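Next comes my_file-v8.txt, with compact mmCIF, C-alpha atoms.
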# COMPACT_ATOMS: atom_id res chain seq x y z
CA MET A 1 30.62 -35.07 22.31
CA LYS A 2 27.55 -36.89 23.51
CA THR A 3 26.98 -34.37 26.29
CA ASN A 4 27.30 -31.60 23.71
CA ASN A 5 24.57 -33.19 21.61
CA THR A 6 22.27 -33.59 24.58
CA ASP A 7 22.95 -29.98 25.50
CA VAL A 8 21.90 -28.81 22.07
CA VAL A 9 18.76 -30.91 22.21
CA ALA A 10 17.92 -29.91 25.78
CA GLU A 11 18.37 -26.26 24.92
CA TYR A 12 16.16 -26.64 21.85
CA LEU A 13 13.40 -28.34 23.83
CA ARG A 14 13.65 -25.71 26.55
CA GLU A 15 13.20 -22.99 23.95
CA VAL A 16 10.13 -24.71 22.56
CA ASP A 17 8.73 -25.21 26.05
CA GLN A 18 9.18 -21.54 26.94
CA ARG A 19 6.95 -20.60 24.04
CA LEU A 20 4.21 -23.04 24.95
CA ALA A 21 2.93 -21.00 27.89
CA GLY A 22 -0.83 -20.91 27.72
CA LEU A 23 -1.15 -24.37 26.17
CA PRO A 24 -2.97 -27.03 28.24
CA VAL A 25 -0.41 -28.84 30.38
CA LEU A 26 -1.02 -32.27 28.88
CA GLN A 27 -0.65 -31.03 25.32
CA ARG A 28 2.51 -29.23 26.29
CA ARG A 29 4.01 -32.37 27.79
CA GLU A 30 2.83 -34.46 24.87
CA LEU A 31 4.48 -32.19 22.31
CA LEU A 32 7.77 -32.11 24.20
CA ALA A 33 7.69 -35.91 24.51
CA ASP A 34 6.93 -36.25 20.79
CA LEU A 35 9.79 -33.95 19.84
CA ALA A 36 12.20 -35.70 22.21
CA ALA A 37 11.17 -39.09 20.82
CA HIS A 38 11.54 -37.79 17.27
CA ILE A 39 15.09 -36.61 17.91
CA ALA A 40 16.04 -39.81 19.75
CA THR A 41 14.64 -41.95 16.93
CA GLU A 42 16.39 -39.93 14.22
CA ARG A 43 19.64 -40.29 16.08
CA ASP A 44 19.19 -44.00 16.54
CA GLU A 45 18.02 -44.83 13.02
CA ARG A 46 20.56 -42.71 11.24
CA ASN A 47 23.40 -43.29 13.64
CA LEU A 48 23.97 -39.62 14.17
CA ALA A 49 27.09 -38.88 16.13
CA SER A 50 28.28 -35.36 15.42
CA GLU A 51 26.70 -32.25 16.79
CA GLY A 52 26.33 -30.93 13.25
CA GLU A 53 24.14 -33.88 12.30
CA VAL A 54 21.97 -33.40 15.37
CA ILE A 55 21.61 -29.71 14.60
CA GLU A 56 20.50 -30.69 11.12
CA VAL A 57 17.73 -32.77 12.66
CA LEU A 58 16.67 -29.77 14.74
CA GLU A 59 16.70 -27.53 11.69
CA ARG A 60 14.44 -29.90 9.86
CA LEU A 61 12.09 -29.84 12.82
CA GLY A 62 11.82 -26.07 12.49
CA THR A 63 12.40 -23.12 14.75
CA PRO A 64 10.98 -23.22 18.29
CA GLU A 65 8.84 -20.25 17.26
CA ALA A 66 7.33 -22.10 14.29
CA ILE A 67 6.59 -25.21 16.35
CA ALA A 68 5.07 -23.22 19.21
CA ALA A 69 2.97 -21.22 16.74
CA ALA A 70 1.64 -24.44 15.22
CA ALA A 71 0.91 -25.82 18.68
CA HIS A 72 -1.03 -22.72 19.68
CA GLU A 73 -2.92 -22.70 16.43
CA GLU A 74 -3.98 -26.33 16.75
CA ALA A 75 -4.93 -25.90 20.41
CA GLY A 76 -6.76 -22.64 19.76
CA THR A 77 -4.66 -20.81 22.32
CA ARG A 78 -2.81 -17.52 22.12
CA PRO A 79 0.98 -17.66 21.91
CA ARG A 80 1.94 -14.72 24.10
CA ARG A 81 1.21 -13.53 27.59
CA PRO A 82 -0.40 -10.19 26.77
CA GLU A 83 -2.84 -11.91 24.49
CA THR A 84 -4.14 -14.17 27.23
CA PHE A 85 -5.82 -11.10 28.77
CA TYR A 86 -8.40 -11.19 26.03
CA PRO A 87 -11.39 -13.47 26.34
CA PRO A 88 -10.50 -16.99 25.24
CA GLN A 89 -13.79 -17.53 23.42
CA GLN A 90 -12.45 -15.45 20.53
CA PRO A 91 -11.73 -17.95 17.75
CA ALA A 92 -8.01 -18.52 17.35
CA GLY A 93 -7.91 -18.55 13.58
CA PHE A 94 -9.98 -15.44 13.29
CA TYR A 95 -7.14 -13.01 12.84
CA PRO A 96 -4.15 -13.94 10.70
CA PRO A 97 -1.36 -15.37 12.86
CA SER A 98 1.03 -12.76 11.54
CA ALA A 99 -0.99 -10.04 13.21
CA PRO A 100 -0.07 -10.36 16.88
CA PRO A 101 -1.11 -6.87 18.00
CA VAL A 102 -4.61 -7.75 19.04
CA PRO A 103 -5.62 -4.35 20.47
CA PRO A 104 -5.53 -2.55 17.10
CA ALA A 105 -7.48 -5.39 15.56
CA ARG A 106 -10.08 -5.08 18.29
CA ALA A 107 -10.15 -1.32 17.94
CA ARG A 108 -10.65 -1.78 14.23
CA SER A 109 -13.45 -4.23 14.84
CA ALA A 110 -15.00 -1.77 17.32
CA ASN A 111 -14.88 0.90 14.61
CA TRP A 112 -16.48 -1.47 12.20
CA THR A 113 -19.27 -2.29 14.61
CA LEU A 114 -19.83 1.44 15.06
CA ILE A 115 -19.96 1.91 11.31
CA ALA A 116 -22.24 -1.09 11.00
CA LEU A 117 -24.54 0.31 13.67
CA LEU A 118 -24.63 3.70 11.96
CA ALA A 119 -25.25 2.10 8.59
CA GLY A 120 -27.96 -0.07 10.10
CA GLY A 121 -29.56 2.99 11.68
CA ALA A 122 -29.44 4.84 8.39
CA ILE A 123 -31.06 1.90 6.64
CA VAL A 124 -33.81 1.75 9.28
CA VAL A 125 -34.43 5.49 8.87
CA LEU A 126 -34.54 5.04 5.10
CA PHE A 127 -37.01 2.21 5.45
CA VAL A 128 -39.22 4.29 7.73
CA LEU A 129 -39.05 7.21 5.31
CA CYS A 130 -39.85 4.93 2.41
CA GLY A 131 -42.77 3.56 4.39
CA PHE A 132 -44.10 7.04 5.02
CA LEU A 133 -43.63 8.02 1.42
CA ALA A 134 -45.35 4.87 0.27
CA LEU A 135 -48.23 5.58 2.64
CA ALA A 136 -48.39 9.17 1.58
CA GLY A 137 -48.20 8.12 -2.06
CA GLY A 138 -50.89 5.57 -1.37
CA ARG A 139 -53.09 8.30 0.09
CA ASP A 140 -52.41 10.55 -2.86
CA SER A 141 -53.13 7.88 -5.37
CA ALA A 142 -56.09 6.53 -3.49
CA PRO A 143 -58.06 9.78 -3.53
CA GLU A 144 -57.33 10.31 -7.19
CA PRO A 145 -59.58 7.51 -8.38
CA ALA A 146 -62.16 8.85 -5.95
CA GLU A 147 -61.85 12.24 -7.59
CA MET A 148 -61.92 10.57 -10.96
CA ASN A 149 -65.10 8.87 -9.88
CA ALA A 150 -66.49 11.98 -8.33
CA PRO A 151 -65.88 14.33 -11.27
CA PRO A 152 -67.82 12.28 -13.81
CA PRO A 153 -71.00 14.15 -12.93
CA PRO A 154 -69.35 17.48 -13.75
CA THR A 155 -67.37 16.18 -16.71
CA PRO A 156 -70.34 15.02 -18.70
CA SER A 157 -71.79 18.43 -18.16
CA ALA A 158 -68.45 19.92 -19.08
CA THR A 159 -68.29 17.85 -22.21
CA ALA A 160 -71.87 18.63 -22.84
CA GLU A 161 -71.05 22.27 -22.43
CA SER A 162 -68.00 21.96 -24.64
CA ARG A 163 -70.07 20.14 -27.18
CA ASP A 164 -72.69 22.76 -26.79
CA VAL A 165 -70.16 25.51 -27.16
CA PRO A 166 -68.37 24.34 -30.28
CA ALA A 167 -71.57 23.28 -31.86
CA PRO A 168 -72.72 26.82 -32.33
CA THR A 169 -69.25 27.82 -33.49
CA VAL A 170 -69.28 25.07 -36.05
CA THR A 171 -72.69 25.89 -37.16
CA GLY A 172 -71.88 29.55 -36.86
CA MET B 1 6.47 -11.66 1.24
CA GLY B 2 3.77 -11.87 3.85
CA ASP B 3 1.22 -12.50 1.16
CA VAL B 4 3.11 -15.46 -0.25
CA SER B 5 3.54 -17.20 3.08
CA GLN B 6 -0.02 -16.39 4.04
CA LEU B 7 -1.32 -17.96 0.85
CA ALA B 8 0.63 -21.14 1.58
CA THR B 9 -0.63 -21.14 5.16
CA GLY B 10 -4.17 -20.64 4.01
CA LEU B 11 -4.02 -23.40 1.43
CA ARG B 12 -2.37 -25.76 3.89
CA ARG B 13 -5.01 -25.13 6.53
CA GLY B 14 -7.75 -27.62 6.03
CA THR B 15 -5.87 -29.84 3.59
CA LEU B 16 -2.69 -30.91 5.37
CA GLU B 17 -4.60 -32.94 7.93
CA PHE B 18 -6.08 -35.10 5.19
CA CYS B 19 -2.65 -35.74 3.79
CA VAL B 20 -1.77 -37.01 7.26
CA LEU B 21 -4.87 -39.20 7.43
CA ALA B 22 -4.13 -40.62 3.99
CA MET B 23 -0.62 -41.55 5.10
CA VAL B 24 -1.93 -43.95 7.71
CA GLU B 25 -4.90 -45.19 5.72
CA TYR B 26 -3.53 -48.66 5.01
CA GLU B 27 -0.94 -49.12 7.70
CA ASP B 28 0.03 -47.62 11.00
CA ARG B 29 3.09 -45.40 10.89
CA TYR B 30 5.19 -43.82 13.56
CA GLY B 31 5.75 -40.12 14.01
CA ASN B 32 9.12 -39.87 12.32
CA GLU B 33 7.85 -41.57 9.16
CA ILE B 34 4.84 -39.28 8.82
CA VAL B 35 6.72 -36.15 9.64
CA ARG B 36 9.68 -36.91 7.38
CA ARG B 37 7.43 -37.67 4.43
CA LEU B 38 5.43 -34.46 4.79
CA GLY B 39 8.55 -32.45 5.58
CA ASP B 40 9.91 -33.45 2.17
CA GLU B 41 7.11 -31.48 0.52
CA PRO B 42 8.19 -27.86 0.81
CA ASN B 43 4.77 -26.35 0.17
CA LEU B 44 3.03 -28.63 2.62
CA ALA B 45 4.77 -28.24 5.96
CA ALA B 46 6.63 -25.33 7.48
CA GLY B 47 8.88 -27.77 9.35
CA GLU B 48 8.69 -31.36 10.49
CA GLY B 49 8.07 -30.27 14.06
CA THR B 50 4.90 -28.41 13.16
CA ILE B 51 3.22 -31.72 12.25
CA TYR B 52 3.28 -33.02 15.83
CA PRO B 53 0.70 -30.53 17.11
CA LEU B 54 -1.48 -31.51 14.16
CA LEU B 55 -1.13 -35.21 15.01
CA SER B 56 -2.12 -34.32 18.55
CA ARG B 57 -5.26 -32.54 17.44
CA LEU B 58 -6.27 -35.34 15.07
CA ARG B 59 -5.88 -37.79 17.92
CA ARG B 60 -7.89 -35.62 20.30
CA SER B 61 -10.67 -35.21 17.76
CA GLY B 62 -10.86 -38.97 17.36
CA TRP B 63 -9.65 -39.32 13.77
CA LEU B 64 -6.35 -40.89 14.74
CA GLU B 65 -5.40 -43.27 17.46
CA SER B 66 -1.89 -43.74 18.74
CA LYS B 67 0.11 -46.19 20.77
CA TRP B 68 3.69 -46.28 21.97
CA VAL B 69 5.51 -49.37 20.76
CA GLU B 70 8.88 -50.57 21.99
CA SER B 71 11.38 -50.71 19.19
CA PRO B 72 13.80 -53.65 19.00
CA SER B 73 16.69 -51.25 19.06
CA GLY B 74 16.45 -47.68 20.21
CA PRO B 75 13.75 -45.58 21.80
CA PRO B 76 10.00 -46.43 21.76
CA ARG B 77 8.02 -45.21 18.76
CA ARG B 78 4.58 -43.69 18.74
CA TYR B 79 2.46 -45.32 16.06
CA TYR B 80 -0.57 -43.64 14.55
CA GLY B 81 -3.53 -45.33 12.90
CA LEU B 82 -6.84 -44.27 11.36
CA THR B 83 -10.05 -44.65 13.40
CA MET B 84 -13.44 -45.33 11.79
CA ALA B 85 -14.29 -41.65 12.17
CA GLY B 86 -10.99 -40.71 10.57
CA ARG B 87 -11.67 -43.06 7.69
CA SER B 88 -15.05 -41.54 6.91
CA ALA B 89 -13.62 -38.04 7.31
CA LEU B 90 -11.01 -38.90 4.70
CA GLU B 91 -13.64 -40.29 2.34
CA HIS B 92 -15.74 -37.18 2.79
CA PHE B 93 -12.75 -34.97 2.07
CA ARG B 94 -12.00 -36.85 -1.14
CA THR B 95 -15.43 -36.15 -2.63
CA GLU B 96 -15.43 -32.55 -1.43
CA TRP B 97 -11.92 -31.94 -2.68
CA VAL B 98 -12.57 -33.14 -6.21
CA SER B 99 -15.53 -30.85 -6.75
CA PHE B 100 -13.82 -27.99 -4.93
CA ARG B 101 -10.75 -28.32 -7.11
CA GLN B 102 -12.86 -28.43 -10.27
CA THR B 103 -14.71 -25.30 -9.27
CA VAL B 104 -11.54 -23.38 -8.53
CA ASP B 105 -9.90 -24.61 -11.74
CA ARG B 106 -12.90 -23.47 -13.72
CA LEU B 107 -13.06 -20.04 -12.10
CA VAL B 108 -9.35 -19.32 -11.94
CA GLY B 109 -8.55 -20.81 -15.30
CA THR B 110 -6.13 -23.45 -14.07
CA GLY B 111 -8.04 -26.43 -15.43
CA GLU B 112 -6.72 -28.54 -18.30
CA ALA B 113 -9.51 -27.32 -20.55
CA ALA B 114 -8.65 -23.69 -19.89

Translate this structure into structure tokens?
Amino acid sequence: MKTNNTDVVAEYLREVDQRLAGLPVLQRRELLADLAAHIATERDERNLASEGEVIEVLERLGTPEAIAAAAHEEAGTRPRRPETFYPPQQPAGFYPPSAPPVPPARARSANWTLIALLAGGAIVVLFVLCGFLALAGGRDSAPEPAEMNAPPPPTPSATAESRDVPAPTVTG
Amino acid sequence: MGDVSQLATGLRRGTLEFCVLAMVEYEDRYGNEIVRRLGDEPNLAAGEGTIYPLLSRLRRSGWLESKWVESPSGPPRRYYGLTMAGRSALEHFRTEWVSFRQTVDRLVGTGEAA
């Protein structure tokens, strides 16, 4: 009976440990020691004898997967082997934990950077165009006052002429 | 299904640790006590065992301190207590949380006035 219980516990701890690959050694040992102490204390305080009661304690602790996932999240490490190939400086909580396939995520982010670059380029081109237009507009509008200033000599004469012209018609 | 669990995970992230700090604010407690208490709240912890990595991080970041204490009967217990840094972190969270909660309540329409 007692050996059965220890078997169940040992198996449970082994399954947790297997999923902690990639975690710093000291944190890995610490977590296993904490879990072992937790189980031992529960057993002692609640006088657990049967295997069923011990299994209940393990169920309350959670699945080895859930515990390992929490450990990796807190440590900022990646839970699985393939994911350790990627640079560790990538923040752990960046992608949702339920999205383990990192390559697609990276591919997606590469696409996004491409799109961002293109969009940025387009914006730069727009700005340059706007600049040219503004300059061109500035040139167009700048000469206009000059023309407005320049014409006055002819316009008075024109108005004089127009005054001269209608005057006879009115009188005529 | 994924959305529901992700919402819970997202809400838990950043708040659960302050629930842990608050648990040891006035007296040191050992792992089983902390973990059992939080494990009783279904929307707070995914399983008692997931709290231990959190305790480890809080200790490494200097908000908690821990010591193993021999128990009169049974295995040694690891007691956790709040450090000065942990205490001020908890105080800071309390002010932030109140205004954060009010803002969300106002915008989402979950406040009492709404």

- Between CA of Glu25 (chain B) and CA of Thr50 (chain B), measure the distance and give it in Å to one decimal. 20.8 Å

- Message: Need the shell around Ile55 (chain A): protein/DNA/RNA residues with any atom at most 10 Å away, counting all atoms listed in the file. Skip same-chain ones fewer than 3 positions apart. Format as an MDAnalysis selection string?
- Response: chainID A and resid 5 8:9 12 50:52 58:61

Saved selection, atoms kept: C-alpha atoms, as a PDB file, keeping the file's coordinate frame:
ATOM      1  CA  ASN A   5      24.570 -33.190  21.610  1.00  0.00           C
ATOM      2  CA  VAL A   8      21.900 -28.810  22.070  1.00  0.00           C
ATOM      3  CA  VAL A   9      18.760 -30.910  22.210  1.00  0.00           C
ATOM      4  CA  TYR A  12      16.160 -26.640  21.850  1.00  0.00           C
ATOM      5  CA  SER A  50      28.280 -35.360  15.420  1.00  0.00           C
ATOM      6  CA  GLU A  51      26.700 -32.250  16.790  1.00  0.00           C
ATOM      7  CA  GLY A  52      26.330 -30.930  13.250  1.00  0.00           C
ATOM      8  CA  LEU A  58      16.670 -29.770  14.740  1.00  0.00           C
ATOM      9  CA  GLU A  59      16.700 -27.530  11.690  1.00  0.00           C
ATOM     10  CA  ARG A  60      14.440 -29.900   9.860  1.00  0.00           C
ATOM     11  CA  LEU A  61      12.090 -29.840  12.820  1.00  0.00           C
TER      12      LEU A  61
END

- If we count all atoms listed in the file, which residues of chain B reach to within 12 Å of chain A? Please list them as a PyMOL selection string. chain B and resi 1-3+5-7+9-10+13-14+17+30-42+45-61+66+68-79

- So which residues touch Trp97 (chain B) within 12 Å, counting only C-alpha atoms, skipping near sequence neighbours fewer than 6 positions away, as a list in words? Gly14, Thr15, Phe18, Cys19, Ala89, Leu90, Glu91, Thr103, Val104 and Asp105 of chain B

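In this structure, CA of Lys67 (chain B) sits 25.4 Å away from CA of Leu44 (chain B).
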
- Query: At what distance in Å, to one decimal, does CA of Asn43 (chain B) lie from CA of Ala8 (chain B)?
  - Reply: 6.8 Å

Just add N, CA and C atoms to region 28-51 of chain A and send it as a short mmCIF file (atom, residue, chain, number, x, y, z; two decimals), keeping the file's coordinate frame.
data_model
loop_
_atom_site.label_atom_id
_atom_site.label_comp_id
_atom_site.auth_asym_id
_atom_site.auth_seq_id
_atom_site.Cartn_x
_atom_site.Cartn_y
_atom_site.Cartn_z
N ARG A 28 1.14 -29.74 26.22
CA ARG A 28 2.51 -29.23 26.29
C ARG A 28 3.48 -30.38 26.53
N ARG A 29 3.14 -31.22 27.48
CA ARG A 29 4.01 -32.37 27.79
C ARG A 29 4.06 -33.32 26.61
N GLU A 30 2.90 -33.53 26.00
CA GLU A 30 2.83 -34.46 24.87
C GLU A 30 3.73 -34.00 23.74
N LEU A 31 3.67 -32.71 23.42
CA LEU A 31 4.48 -32.19 22.31
C LEU A 31 5.97 -32.33 22.62
N LEU A 32 6.36 -32.00 23.85
CA LEU A 32 7.77 -32.11 24.20
C LEU A 32 8.23 -33.57 24.13
N ALA A 33 7.35 -34.48 24.58
CA ALA A 33 7.69 -35.91 24.51
C ALA A 33 7.80 -36.37 23.06
N ASP A 34 6.89 -35.89 22.21
CA ASP A 34 6.93 -36.25 20.79
C ASP A 34 8.22 -35.76 20.13
N LEU A 35 8.58 -34.52 20.44
CA LEU A 35 9.79 -33.95 19.84
C LEU A 35 11.03 -34.69 20.35
N ALA A 36 11.06 -34.99 21.64
CA ALA A 36 12.20 -35.70 22.21
C ALA A 36 12.32 -37.09 21.58
N ALA A 37 11.16 -37.76 21.42
CA ALA A 37 11.17 -39.09 20.82
C ALA A 37 11.61 -39.01 19.36
N HIS A 38 11.16 -37.96 18.68
CA HIS A 38 11.54 -37.79 17.27
C HIS A 38 13.06 -37.68 17.14
N ILE A 39 13.64 -36.83 17.98
CA ILE A 39 15.09 -36.61 17.91
C ILE A 39 15.84 -37.89 18.27
N ALA A 40 15.37 -38.57 19.32
CA ALA A 40 16.04 -39.81 19.75
C ALA A 40 15.96 -40.85 18.65
N THR A 41 14.81 -40.95 17.99
CA THR A 41 14.64 -41.95 16.93
C THR A 41 15.51 -41.61 15.72
N GLU A 42 15.54 -40.34 15.35
CA GLU A 42 16.39 -39.93 14.22
C GLU A 42 17.85 -40.30 14.50
N ARG A 43 18.26 -40.00 15.69
CA ARG A 43 19.64 -40.29 16.08
C ARG A 43 19.94 -41.77 15.99
N ASP A 44 18.99 -42.56 16.50
CA ASP A 44 19.19 -44.00 16.54
C ASP A 44 19.16 -44.59 15.14
N GLU A 45 18.18 -44.20 14.33
CA GLU A 45 18.02 -44.83 13.02
C GLU A 45 19.11 -44.42 12.06
N ARG A 46 19.59 -43.20 12.20
CA ARG A 46 20.56 -42.71 11.24
C ARG A 46 21.96 -42.64 11.81
N ASN A 47 22.09 -43.23 13.01
CA ASN A 47 23.40 -43.29 13.64
C ASN A 47 24.10 -41.94 13.69
N LEU A 48 23.39 -40.95 14.15
CA LEU A 48 23.97 -39.62 14.17
C LEU A 48 24.93 -39.50 15.35
N ALA A 49 26.10 -39.01 15.07
CA ALA A 49 27.09 -38.88 16.13
C ALA A 49 27.47 -37.42 16.35
N SER A 50 27.75 -36.72 15.26
CA SER A 50 28.28 -35.36 15.42
C SER A 50 27.20 -34.37 15.79
N GLU A 51 27.63 -33.29 16.40
CA GLU A 51 26.70 -32.25 16.79
C GLU A 51 26.05 -31.63 15.55
#
